[in-house]
Amino acid sequence: MKFALVFPGQGSQSLGMMAAYGDSPVIRGTFDEASAALGRDLWQLASEGPAEALNQTVNTQPLMLTAGIAVFRLWQEKGGKMPGMVAGHSLGEYSALVAAGVLRFADAVPLVELRAKAMQDAVPSGEGAMAAVLGLDAAAVKAACEESALGQVVEAVNFNTPEQIVIAGHAGAVQRAADAAKARGAKRAVMLPVSAPFHCSLMKPAAERLRQRLAELNLSPPRIPVVNNADVTCLSDPQQIRDALVRQAASPVRWVETMQAMASQGISHVYECGPGKVLAGLVKRCADGLAGGAMADLAGLEAALAATNA
């Protein structure tokens, strides 16, 4: 079986999310390493909250990176094979790059904290918004955005399935585009509880701050192919990887194409590595012939081990 691992991003966090993996020294050790890199206790935040702090972008991004790598290390400790490919959804791309040996974990944790701060600072609170449009294809969603901009920014930014697309931009334009999408036949258009309009062109100031920080870090060629969000390509040159990460902050997450790219390379199973089951649920809707599974708890991880080692 040729399988891939994918790493979740912001939105998959929940209070006590690591309890599902039992009392694992490798998981606790990963959190200790991340806490040392940041100078604050991520384990306590993940375990005890409060939920409002857990859901603040500046906390969520390092937490979800750490959770994904903790589960990946547990996978390795239990004899899990290296996947044929990896990818991550938005923030999850950083977890994928750590798993592939491109980024050192100790460098990645403060890097994603900076990314979170930069994204939060790029647009004043309340001025940006995001909405999920369900039951409308990409072309129609893009058209709804174009007719609703009226001098503001509103763009399709997450292509999660062929008919689940997230839009982002100025709050007023996003609301207009959500209404326009419903007028065009969308089943639903739901405003999302987020603190910034991620992945739209309003994030370009954040991308520039990332560029400066990434220039200071050592990146290595990947040990396994990483499908990136911005271009849906597998890059091996560290400078090209840096550039793709910079652009990712203000570019759409092309998840449908990512799954299709994996299928075209002979991947048959895609396992979500980390808390939550969002990505596992998207797999079949993105590409024919792909099966999805979630390592959202110890039982899910054991099931993936059994399947990939069979």
# chains A, B, ... in the order shown; residues from 1 in each chain; ligands from 1

call {"tool": "select_by_dssp", "arguments": {"residues": "range 118-220 of chain A", "states": "helix (DSSP H, G or I)", "output": "ChimeraX atom specification"}}
result
/A:118-122,138-148,171-183,201-214

call {"tool": "residues_around", "arguments": {"residues": "range 160-168 of chain A", "least_positions_apart": "5", "cutoff": "9 Å", "atoms": "only C-alpha atoms", "output": "PDB file with N, CA, C and O atoms, in the first residue's frame"}}
result
ATOM      1  N   GLY A 128     -11.739  42.094   9.007  1.00  0.00           N
ATOM      2  CA  GLY A 128     -11.705  40.956   8.096  1.00  0.00           C
ATOM      3  C   GLY A 128     -12.686  39.874   8.524  1.00  0.00           C
ATOM      4  O   GLY A 128     -13.185  39.875   9.648  1.00  0.00           O
ATOM      5  N   ALA A 129     -12.965  38.963   7.590  1.00  0.00           N
ATOM      6  CA  ALA A 129     -13.886  37.861   7.889  1.00  0.00           C
ATOM      7  C   ALA A 129     -13.627  36.706   6.932  1.00  0.00           C
ATOM      8  O   ALA A 129     -12.955  36.863   5.902  1.00  0.00           O
ATOM      9  N   MET A 130     -14.171  35.537   7.308  1.00  0.00           N
ATOM     10  CA  MET A 130     -14.140  34.366   6.431  1.00  0.00           C
ATOM     11  C   MET A 130     -15.516  33.704   6.473  1.00  0.00           C
ATOM     12  O   MET A 130     -16.242  33.821   7.463  1.00  0.00           O
ATOM     13  N   ALA A 131     -15.871  33.030   5.388  1.00  0.00           N
ATOM     14  CA  ALA A 131     -17.137  32.295   5.345  1.00  0.00           C
ATOM     15  C   ALA A 131     -16.946  31.018   4.542  1.00  0.00           C
ATOM     16  O   ALA A 131     -16.160  30.985   3.591  1.00  0.00           O
ATOM     17  N   ALA A 132     -17.647  29.985   4.951  1.00  0.00           N
ATOM     18  CA  ALA A 132     -17.631  28.707   4.223  1.00  0.00           C
ATOM     19  C   ALA A 132     -18.855  28.643   3.319  1.00  0.00           C
ATOM     20  O   ALA A 132     -19.990  28.832   3.784  1.00  0.00           O
ATOM     21  N   VAL A 133     -18.622  28.390   2.037  1.00  0.00           N
ATOM     22  CA  VAL A 133     -19.704  28.268   1.054  1.00  0.00           C
ATOM     23  C   VAL A 133     -19.856  26.793   0.703  1.00  0.00           C
ATOM     24  O   VAL A 133     -18.893  26.145   0.271  1.00  0.00           O
ATOM     25  N   LEU A 134     -21.052  26.268   0.890  1.00  0.00           N
ATOM     26  CA  LEU A 134     -21.303  24.837   0.692  1.00  0.00           C
ATOM     27  C   LEU A 134     -22.287  24.620  -0.455  1.00  0.00           C
ATOM     28  O   LEU A 134     -23.296  25.317  -0.564  1.00  0.00           O
ATOM     29  N   GLY A 135     -21.950  23.664  -1.314  1.00  0.00           N
ATOM     30  CA  GLY A 135     -22.869  23.278  -2.377  1.00  0.00           C
ATOM     31  C   GLY A 135     -22.806  24.137  -3.620  1.00  0.00           C
ATOM     32  O   GLY A 135     -23.787  24.237  -4.364  1.00  0.00           O
ATOM     33  N   LEU A 136     -21.640  24.772  -3.852  1.00  0.00           N
ATOM     34  CA  LEU A 136     -21.465  25.594  -5.050  1.00  0.00           C
ATOM     35  C   LEU A 136     -20.058  25.361  -5.571  1.00  0.00           C
ATOM     36  O   LEU A 136     -19.114  25.275  -4.788  1.00  0.00           O
ATOM     37  N   ASP A 137     -19.916  25.262  -6.906  1.00  0.00           N
ATOM     38  CA  ASP A 137     -18.589  24.944  -7.445  1.00  0.00           C
ATOM     39  C   ASP A 137     -17.677  26.164  -7.441  1.00  0.00           C
ATOM     40  O   ASP A 137     -18.106  27.302  -7.235  1.00  0.00           O
ATOM     41  N   ALA A 138     -16.397  25.909  -7.689  1.00  0.00           N
ATOM     42  CA  ALA A 138     -15.374  26.946  -7.554  1.00  0.00           C
ATOM     43  C   ALA A 138     -15.625  28.126  -8.486  1.00  0.00           C
ATOM     44  O   ALA A 138     -15.461  29.286  -8.083  1.00  0.00           O
ATOM     45  N   VAL A 141     -18.348  30.315  -7.086  1.00  0.00           N
ATOM     46  CA  VAL A 141     -17.910  31.023  -5.882  1.00  0.00           C
ATOM     47  C   VAL A 141     -16.996  32.192  -6.261  1.00  0.00           C
ATOM     48  O   VAL A 141     -17.135  33.303  -5.746  1.00  0.00           O
ATOM     49  N   LYS A 142     -16.068  31.947  -7.184  1.00  0.00           N
ATOM     50  CA  LYS A 142     -15.185  33.028  -7.636  1.00  0.00           C
ATOM     51  C   LYS A 142     -15.985  34.159  -8.273  1.00  0.00           C
ATOM     52  O   LYS A 142     -15.692  35.346  -8.056  1.00  0.00           O
ATOM     53  N   CYS A 145     -17.577  36.246  -5.647  1.00  0.00           N
ATOM     54  CA  CYS A 145     -16.584  37.130  -5.023  1.00  0.00           C
ATOM     55  C   CYS A 145     -16.304  38.354  -5.901  1.00  0.00           C
ATOM     56  O   CYS A 145     -16.246  39.488  -5.406  1.00  0.00           O
ATOM     57  N   VAL A 153     -11.628  43.667  -0.814  1.00  0.00           N
ATOM     58  CA  VAL A 153     -11.064  42.344  -1.113  1.00  0.00           C
ATOM     59  C   VAL A 153     -12.005  41.252  -0.623  1.00  0.00           C
ATOM     60  O   VAL A 153     -12.443  41.270   0.529  1.00  0.00           O
ATOM     61  N   VAL A 154     -12.340  40.321  -1.493  1.00  0.00           N
ATOM     62  CA  VAL A 154     -12.976  39.056  -1.100  1.00  0.00           C
ATOM     63  C   VAL A 154     -12.557  38.010  -2.123  1.00  0.00           C
ATOM     64  O   VAL A 154     -12.696  38.215  -3.333  1.00  0.00           O
ATOM     65  N   GLU A 155     -11.997  36.925  -1.641  1.00  0.00           N
ATOM     66  CA  GLU A 155     -11.393  35.911  -2.515  1.00  0.00           C
ATOM     67  C   GLU A 155     -11.711  34.508  -2.008  1.00  0.00           C
ATOM     68  O   GLU A 155     -11.894  34.308  -0.802  1.00  0.00           O
ATOM     69  N   ALA A 173     -17.392  42.807   2.345  1.00  0.00           N
ATOM     70  CA  ALA A 173     -17.333  42.115   1.053  1.00  0.00           C
ATOM     71  C   ALA A 173     -17.598  40.615   1.215  1.00  0.00           C
ATOM     72  O   ALA A 173     -18.241  39.995   0.359  1.00  0.00           O
ATOM     73  N   VAL A 174     -17.097  40.041   2.304  1.00  0.00           N
ATOM     74  CA  VAL A 174     -17.338  38.612   2.547  1.00  0.00           C
ATOM     75  C   VAL A 174     -18.830  38.362   2.764  1.00  0.00           C
ATOM     76  O   VAL A 174     -19.394  37.393   2.237  1.00  0.00           O
ATOM     77  N   ALA A 177     -20.524  38.603  -0.586  1.00  0.00           N
ATOM     78  CA  ALA A 177     -20.225  37.429  -1.416  1.00  0.00           C
ATOM     79  C   ALA A 177     -20.959  36.194  -0.913  1.00  0.00           C
ATOM     80  O   ALA A 177     -21.391  35.349  -1.713  1.00  0.00           O
ATOM     81  N   ALA A 178     -21.107  36.081   0.408  1.00  0.00           N
ATOM     82  CA  ALA A 178     -21.875  34.959   0.971  1.00  0.00           C
ATOM     83  C   ALA A 178     -23.326  35.030   0.492  1.00  0.00           C
ATOM     84  O   ALA A 178     -23.915  34.009   0.096  1.00  0.00           O
ATOM     85  N   ALA A 186     -25.959  28.268  -3.706  1.00  0.00           N
ATOM     86  CA  ALA A 186     -25.248  27.595  -2.615  1.00  0.00           C
ATOM     87  C   ALA A 186     -26.244  27.096  -1.578  1.00  0.00           C
ATOM     88  O   ALA A 186     -27.231  27.764  -1.268  1.00  0.00           O
ATOM     89  N   ALA A 196      -8.978  36.481  11.776  1.00  0.00           N
ATOM     90  CA  ALA A 196      -8.350  37.194  10.656  1.00  0.00           C
ATOM     91  C   ALA A 196      -8.756  36.518   9.349  1.00  0.00           C
ATOM     92  O   ALA A 196      -9.119  35.334   9.338  1.00  0.00           O
ATOM     93  N   PRO A 197      -8.696  37.248   8.229  1.00  0.00           N
ATOM     94  CA  PRO A 197      -9.062  36.677   6.926  1.00  0.00           C
ATOM     95  C   PRO A 197      -7.872  35.948   6.288  1.00  0.00           C
ATOM     96  O   PRO A 197      -7.193  36.471   5.416  1.00  0.00           O
ATOM     97  N   PHE A 198      -7.617  34.735   6.750  1.00  0.00           N
ATOM     98  CA  PHE A 198      -6.431  33.995   6.335  1.00  0.00           C
ATOM     99  C   PHE A 198      -6.425  33.687   4.836  1.00  0.00           C
ATOM    100  O   PHE A 198      -7.451  33.456   4.225  1.00  0.00           O
ATOM    101  N   HIS A 199      -5.226  33.660   4.283  1.00  0.00           N
ATOM    102  CA  HIS A 199      -4.942  33.198   2.916  1.00  0.00           C
ATOM    103  C   HIS A 199      -5.453  34.088   1.791  1.00  0.00           C
ATOM    104  O   HIS A 199      -5.348  33.725   0.625  1.00  0.00           O
ATOM    105  N   CYS A 200      -5.989  35.268   2.121  1.00  0.00           N
ATOM    106  CA  CYS A 200      -6.346  36.201   1.054  1.00  0.00           C
ATOM    107  C   CYS A 200      -5.225  37.226   0.904  1.00  0.00           C
ATOM    108  O   CYS A 200      -4.263  37.253   1.674  1.00  0.00           O
ATOM    109  N   VAL A 253      -5.401  27.797  -0.249  1.00  0.00           N
ATOM    110  CA  VAL A 253      -5.047  26.411   0.062  1.00  0.00           C
ATOM    111  C   VAL A 253      -5.773  25.519  -0.950  1.00  0.00           C
ATOM    112  O   VAL A 253      -6.992  25.400  -0.921  1.00  0.00           O
ATOM    113  N   ARG A 254      -5.003  24.909  -1.827  1.00  0.00           N
ATOM    114  CA  ARG A 254      -5.589  24.151  -2.954  1.00  0.00           C
ATOM    115  C   ARG A 254      -5.667  22.659  -2.579  1.00  0.00           C
ATOM    116  O   ARG A 254      -4.973  21.814  -3.112  1.00  0.00           O
ATOM    117  N   TRP A 255      -6.559  22.372  -1.635  1.00  0.00           N
ATOM    118  CA  TRP A 255      -6.587  21.029  -1.044  1.00  0.00           C
ATOM    119  C   TRP A 255      -7.134  19.971  -2.006  1.00  0.00           C
ATOM    120  O   TRP A 255      -6.656  18.840  -2.029  1.00  0.00           O
ATOM    121  N   VAL A 256      -8.131  20.335  -2.794  1.00  0.00           N
ATOM    122  CA  VAL A 256      -8.676  19.372  -3.768  1.00  0.00           C
ATOM    123  C   VAL A 256      -7.571  18.908  -4.718  1.00  0.00           C
ATOM    124  O   VAL A 256      -7.374  17.701  -4.933  1.00  0.00           O
ATOM    125  N   LEU A 279      -9.733  16.524   7.837  1.00  0.00           N
ATOM    126  CA  LEU A 279      -9.075  16.209   6.564  1.00  0.00           C
ATOM    127  C   LEU A 279      -9.421  14.806   6.090  1.00  0.00           C
ATOM    128  O   LEU A 279      -9.608  14.574   4.894  1.00  0.00           O
ATOM    129  N   LEU A 282     -12.514  14.733   4.144  1.00  0.00           N
ATOM    130  CA  LEU A 282     -12.519  15.392   2.832  1.00  0.00           C
ATOM    131  C   LEU A 282     -11.974  14.500   1.719  1.00  0.00           C
ATOM    132  O   LEU A 282     -12.222  14.752   0.545  1.00  0.00           O
ATOM    133  N   VAL A 283     -11.205  13.467   2.096  1.00  0.00           N
ATOM    134  CA  VAL A 283     -10.392  12.725   1.125  1.00  0.00           C
ATOM    135  C   VAL A 283     -11.210  12.200  -0.046  1.00  0.00           C
ATOM    136  O   VAL A 283     -10.918  12.487  -1.215  1.00  0.00           O
ATOM    137  N   ARG A 285     -14.046  12.957  -1.150  1.00  0.00           N
ATOM    138  CA  ARG A 285     -14.773  13.968  -1.920  1.00  0.00           C
ATOM    139  C   ARG A 285     -13.856  14.744  -2.852  1.00  0.00           C
ATOM    140  O   ARG A 285     -14.318  15.491  -3.719  1.00  0.00           O
ATOM    141  N   CYS A 286     -12.541  14.568  -2.679  1.00  0.00           N
ATOM    142  CA  CYS A 286     -11.578  15.315  -3.488  1.00  0.00           C
ATOM    143  C   CYS A 286     -11.035  14.517  -4.668  1.00  0.00           C
ATOM    144  O   CYS A 286     -10.711  15.108  -5.706  1.00  0.00           O
TER     145      CYS A 286
END

call {"tool": "residues_around", "arguments": {"residues": "Glu127 in chain A", "least_positions_apart": "4", "cutoff": "8 Å", "atoms": "only C-alpha atoms", "output": "PyMOL selection string"}}
result
chain A and resi 123+170-171

call {"tool": "select_by_dssp", "arguments": {"residues": "range 46-238 of chain A", "states": "strand (DSSP E)", "output": "ChimeraX atom specification"}}
result
/A:85-88,128-134,154-161,164-170,188-191

call {"tool": "closest_residue", "arguments": {"among": "A:Leu5, A:Cys273, A:Ala299, A:Ala99", "to": "Ala67 in chain A", "atoms": "only C-alpha atoms"}}
result
A:Cys273

call {"tool": "atom_distance", "arguments": {"atom1": "CA of Leu114 in chain A", "atom2": "CA of Met259 in chain A"}}
result
28.3 Å

call {"tool": "residues_around", "arguments": {"residues": "Met85 in chain A", "least_positions_apart": "6", "cutoff": "10 Å", "atoms": "only C-alpha atoms", "output": "CSV table (one decimal) with N, CA and C atoms, in the first residue's frame"}}
result
chain,number,residue,atom,x,y,z
A,2,LYS,N,0.6,2.2,-0.9
A,2,LYS,CA,1.3,3.5,-0.9
A,2,LYS,C,0.4,4.5,-0.2
A,3,PHE,N,0.8,5.0,0.9
A,3,PHE,CA,0.0,5.9,1.7
A,3,PHE,C,0.7,7.3,1.9
A,4,ALA,N,-0.1,8.2,2.3
A,4,ALA,CA,0.3,9.6,2.6
A,4,ALA,C,-0.2,10.0,4.0
A,5,LEU,N,0.6,10.8,4.6
A,5,LEU,CA,0.1,11.4,5.9
A,5,LEU,C,-0.2,12.9,5.6
A,6,VAL,N,-1.3,13.4,6.2
A,6,VAL,CA,-1.6,14.8,6.1
A,6,VAL,C,-1.8,15.4,7.5
A,96,ALA,N,4.1,19.1,8.2
A,96,ALA,CA,4.5,18.2,7.1
A,96,ALA,C,6.0,18.4,6.8
A,100,ALA,N,9.1,15.8,7.2
A,100,ALA,CA,9.9,15.4,6.1
A,100,ALA,C,11.4,15.8,6.3
A,223,ARG,N,13.2,14.7,2.9
A,223,ARG,CA,13.5,13.2,2.8
A,223,ARG,C,12.3,12.5,2.1
A,224,ILE,N,11.2,13.1,2.1
A,224,ILE,CA,10.0,12.5,1.4
A,224,ILE,C,9.3,13.7,0.7
A,225,PRO,N,8.6,13.4,-0.4
A,225,PRO,CA,7.9,14.5,-1.1
A,225,PRO,C,6.8,15.2,-0.2
A,226,VAL,N,6.9,16.6,-0.3
A,226,VAL,CA,5.9,17.4,0.4
A,226,VAL,C,5.1,18.1,-0.6
A,227,VAL,N,3.8,17.9,-0.7
A,227,VAL,CA,3.0,18.7,-1.7
A,227,VAL,C,2.6,20.0,-1.0
A,234,CYS,N,5.9,19.4,-5.5
A,234,CYS,CA,6.8,18.9,-4.5
A,234,CYS,C,8.2,19.5,-4.8
A,262,MET,N,-1.8,13.6,-5.1
A,262,MET,CA,-1.4,12.3,-4.4
A,262,MET,C,-1.9,11.1,-5.1
A,265,GLN,N,0.0,10.1,-8.1
A,265,GLN,CA,1.3,9.5,-7.8
A,265,GLN,C,1.2,8.1,-7.2
A,267,ILE,N,-0.8,7.1,-4.7
A,267,ILE,CA,-1.3,7.0,-3.3
A,267,ILE,C,-2.7,6.5,-3.2
A,270,VAL,N,-4.9,8.0,2.6
A,270,VAL,CA,-4.4,9.2,3.2
A,270,VAL,C,-4.9,9.2,4.6

call {"tool": "closest_residue", "arguments": {"among": "A:Ala36, A:Leu202, A:Leu74, A:Leu15", "to": "Leu54 in chain A", "atoms": "only C-alpha atoms"}}
result
A:Leu15

call {"tool": "atom_distance", "arguments": {"atom1": "CA of Phe7 in chain A", "atom2": "CA of Gln248 in chain A"}}
result
15.5 Å

call {"tool": "residues_around", "arguments": {"residues": "Lys81 in chain A", "least_positions_apart": "3", "cutoff": "9 Å", "atoms": "only C-alpha atoms", "output": "PyMOL selection string"}}
result
chain A and resi 75-76+305+308-309

call {"tool": "residues_around", "arguments": {"residues": "Ala37 in chain A", "least_positions_apart": "4", "cutoff": "8 Å", "atoms": "only C-alpha atoms", "output": "list of chain:residue names"}}
result
A:Glu33, A:Ala106, A:Asp107, A:Val109, A:Pro110

call {"tool": "closest_residue", "arguments": {"among": "A:Val26, A:Leu298, A:Met82, A:Ala280", "to": "Met1 in chain A", "atoms": "only C-alpha atoms"}}
result
A:Met82

call {"tool": "residues_around", "arguments": {"residues": "Pro8 in chain A", "least_positions_apart": "3", "cutoff": "9 Å", "atoms": "only C-alpha atoms", "output": "PyMOL selection string"}}
result
chain A and resi 11-12+64-65+68+88-93+95+272-279

call {"tool": "decode", "arguments": {"residues": "range 12-31 of chain A", "atoms": "N, CA, C and O atoms", "output": "PDB file, in the first residue's frame"}}
result
ATOM      1  N   SER A  12      -8.833  22.465  14.152  1.00  0.00           N
ATOM      2  CA  SER A  12      -8.958  21.087  14.641  1.00  0.00           C
ATOM      3  C   SER A  12      -8.616  20.968  16.123  1.00  0.00           C
ATOM      4  O   SER A  12      -8.657  19.880  16.685  1.00  0.00           O
ATOM      5  N   GLN A  13      -8.273  22.088  16.768  1.00  0.00           N
ATOM      6  CA  GLN A  13      -7.913  22.035  18.183  1.00  0.00           C
ATOM      7  C   GLN A  13      -9.147  21.858  19.062  1.00  0.00           C
ATOM      8  O   GLN A  13     -10.241  22.296  18.714  1.00  0.00           O
ATOM      9  N   SER A  14      -8.963  21.203  20.197  1.00  0.00           N
ATOM     10  CA  SER A  14     -10.019  21.083  21.203  1.00  0.00           C
ATOM     11  C   SER A  14      -9.371  20.868  22.560  1.00  0.00           C
ATOM     12  O   SER A  14      -8.256  20.340  22.645  1.00  0.00           O
ATOM     13  N   LEU A  15     -10.059  21.272  23.604  1.00  0.00           N
ATOM     14  CA  LEU A  15      -9.542  21.139  24.955  1.00  0.00           C
ATOM     15  C   LEU A  15      -9.351  19.663  25.295  1.00  0.00           C
ATOM     16  O   LEU A  15     -10.245  18.848  25.069  1.00  0.00           O
ATOM     17  N   GLY A  16      -8.187  19.309  25.794  1.00  0.00           N
ATOM     18  CA  GLY A  16      -7.917  17.916  26.160  1.00  0.00           C
ATOM     19  C   GLY A  16      -7.664  17.003  24.985  1.00  0.00           C
ATOM     20  O   GLY A  16      -7.750  15.784  25.111  1.00  0.00           O
ATOM     21  N   MET A  17      -7.301  17.578  23.826  1.00  0.00           N
ATOM     22  CA  MET A  17      -7.219  16.788  22.591  1.00  0.00           C
ATOM     23  C   MET A  17      -6.157  15.692  22.643  1.00  0.00           C
ATOM     24  O   MET A  17      -6.250  14.699  21.925  1.00  0.00           O
ATOM     25  N   MET A  18      -5.131  15.847  23.472  1.00  0.00           N
ATOM     26  CA  MET A  18      -4.059  14.852  23.500  1.00  0.00           C
ATOM     27  C   MET A  18      -4.366  13.675  24.427  1.00  0.00           C
ATOM     28  O   MET A  18      -3.667  12.656  24.390  1.00  0.00           O
ATOM     29  N   ALA A  19      -5.412  13.795  25.247  1.00  0.00           N
ATOM     30  CA  ALA A  19      -5.767  12.697  26.161  1.00  0.00           C
ATOM     31  C   ALA A  19      -6.145  11.431  25.399  1.00  0.00           C
ATOM     32  O   ALA A  19      -5.994  10.313  25.914  1.00  0.00           O
ATOM     33  N   ALA A  20      -6.614  11.593  24.156  1.00  0.00           N
ATOM     34  CA  ALA A  20      -7.049  10.450  23.348  1.00  0.00           C
ATOM     35  C   ALA A  20      -5.897   9.517  22.969  1.00  0.00           C
ATOM     36  O   ALA A  20      -6.128   8.396  22.506  1.00  0.00           O
ATOM     37  N   TYR A  21      -4.658   9.978  23.180  1.00  0.00           N
ATOM     38  CA  TYR A  21      -3.499   9.156  22.808  1.00  0.00           C
ATOM     39  C   TYR A  21      -2.872   8.443  24.003  1.00  0.00           C
ATOM     40  O   TYR A  21      -1.824   7.811  23.871  1.00  0.00           O
ATOM     41  N   GLY A  22      -3.527   8.526  25.161  1.00  0.00           N
ATOM     42  CA  GLY A  22      -3.007   7.841  26.332  1.00  0.00           C
ATOM     43  C   GLY A  22      -1.818   8.570  26.934  1.00  0.00           C
ATOM     44  O   GLY A  22      -1.479   9.690  26.538  1.00  0.00           O
ATOM     45  N   ASP A  23      -1.186   7.912  27.870  1.00  0.00           N
ATOM     46  CA  ASP A  23      -0.067   8.517  28.595  1.00  0.00           C
ATOM     47  C   ASP A  23       1.226   8.156  27.877  1.00  0.00           C
ATOM     48  O   ASP A  23       1.878   7.162  28.201  1.00  0.00           O
ATOM     49  N   SER A  24       1.596   8.960  26.894  1.00  0.00           N
ATOM     50  CA  SER A  24       2.748   8.634  26.049  1.00  0.00           C
ATOM     51  C   SER A  24       3.916   9.571  26.327  1.00  0.00           C
ATOM     52  O   SER A  24       3.802  10.788  26.147  1.00  0.00           O
ATOM     53  N   PRO A  25       5.065   9.023  26.739  1.00  0.00           N
ATOM     54  CA  PRO A  25       6.231   9.877  26.969  1.00  0.00           C
ATOM     55  C   PRO A  25       6.675  10.649  25.728  1.00  0.00           C
ATOM     56  O   PRO A  25       7.127  11.788  25.834  1.00  0.00           O
ATOM     57  N   VAL A  26       6.543  10.044  24.556  1.00  0.00           N
ATOM     58  CA  VAL A  26       7.004  10.727  23.341  1.00  0.00           C
ATOM     59  C   VAL A  26       6.121  11.953  23.049  1.00  0.00           C
ATOM     60  O   VAL A  26       6.610  12.997  22.603  1.00  0.00           O
ATOM     61  N   ILE A  27       4.827  11.845  23.315  1.00  0.00           N
ATOM     62  CA  ILE A  27       3.928  12.987  23.120  1.00  0.00           C
ATOM     63  C   ILE A  27       4.231  14.075  24.142  1.00  0.00           C
ATOM     64  O   ILE A  27       4.376  15.254  23.801  1.00  0.00           O
ATOM     65  N   ARG A  28       4.372  13.664  25.397  1.00  0.00           N
ATOM     66  CA  ARG A  28       4.666  14.658  26.433  1.00  0.00           C
ATOM     67  C   ARG A  28       6.028  15.322  26.178  1.00  0.00           C
ATOM     68  O   ARG A  28       6.192  16.536  26.352  1.00  0.00           O
ATOM     69  N   GLY A  29       6.996  14.537  25.734  1.00  0.00           N
ATOM     70  CA  GLY A  29       8.321  15.078  25.444  1.00  0.00           C
ATOM     71  C   GLY A  29       8.300  16.091  24.310  1.00  0.00           C
ATOM     72  O   GLY A  29       9.028  17.088  24.333  1.00  0.00           O
ATOM     73  N   THR A  30       7.449  15.839  23.303  1.00  0.00           N
ATOM     74  CA  THR A  30       7.316  16.773  22.182  1.00  0.00           C
ATOM     75  C   THR A  30       6.748  18.106  22.662  1.00  0.00           C
ATOM     76  O   THR A  30       7.203  19.185  22.261  1.00  0.00           O
ATOM     77  N   PHE A  31       5.751  18.044  23.548  1.00  0.00           N
ATOM     78  CA  PHE A  31       5.176  19.263  24.108  1.00  0.00           C
ATOM     79  C   PHE A  31       6.184  19.995  24.995  1.00  0.00           C
ATOM     80  O   PHE A  31       6.234  21.233  24.991  1.00  0.00           O
TER      81      PHE A  31
END
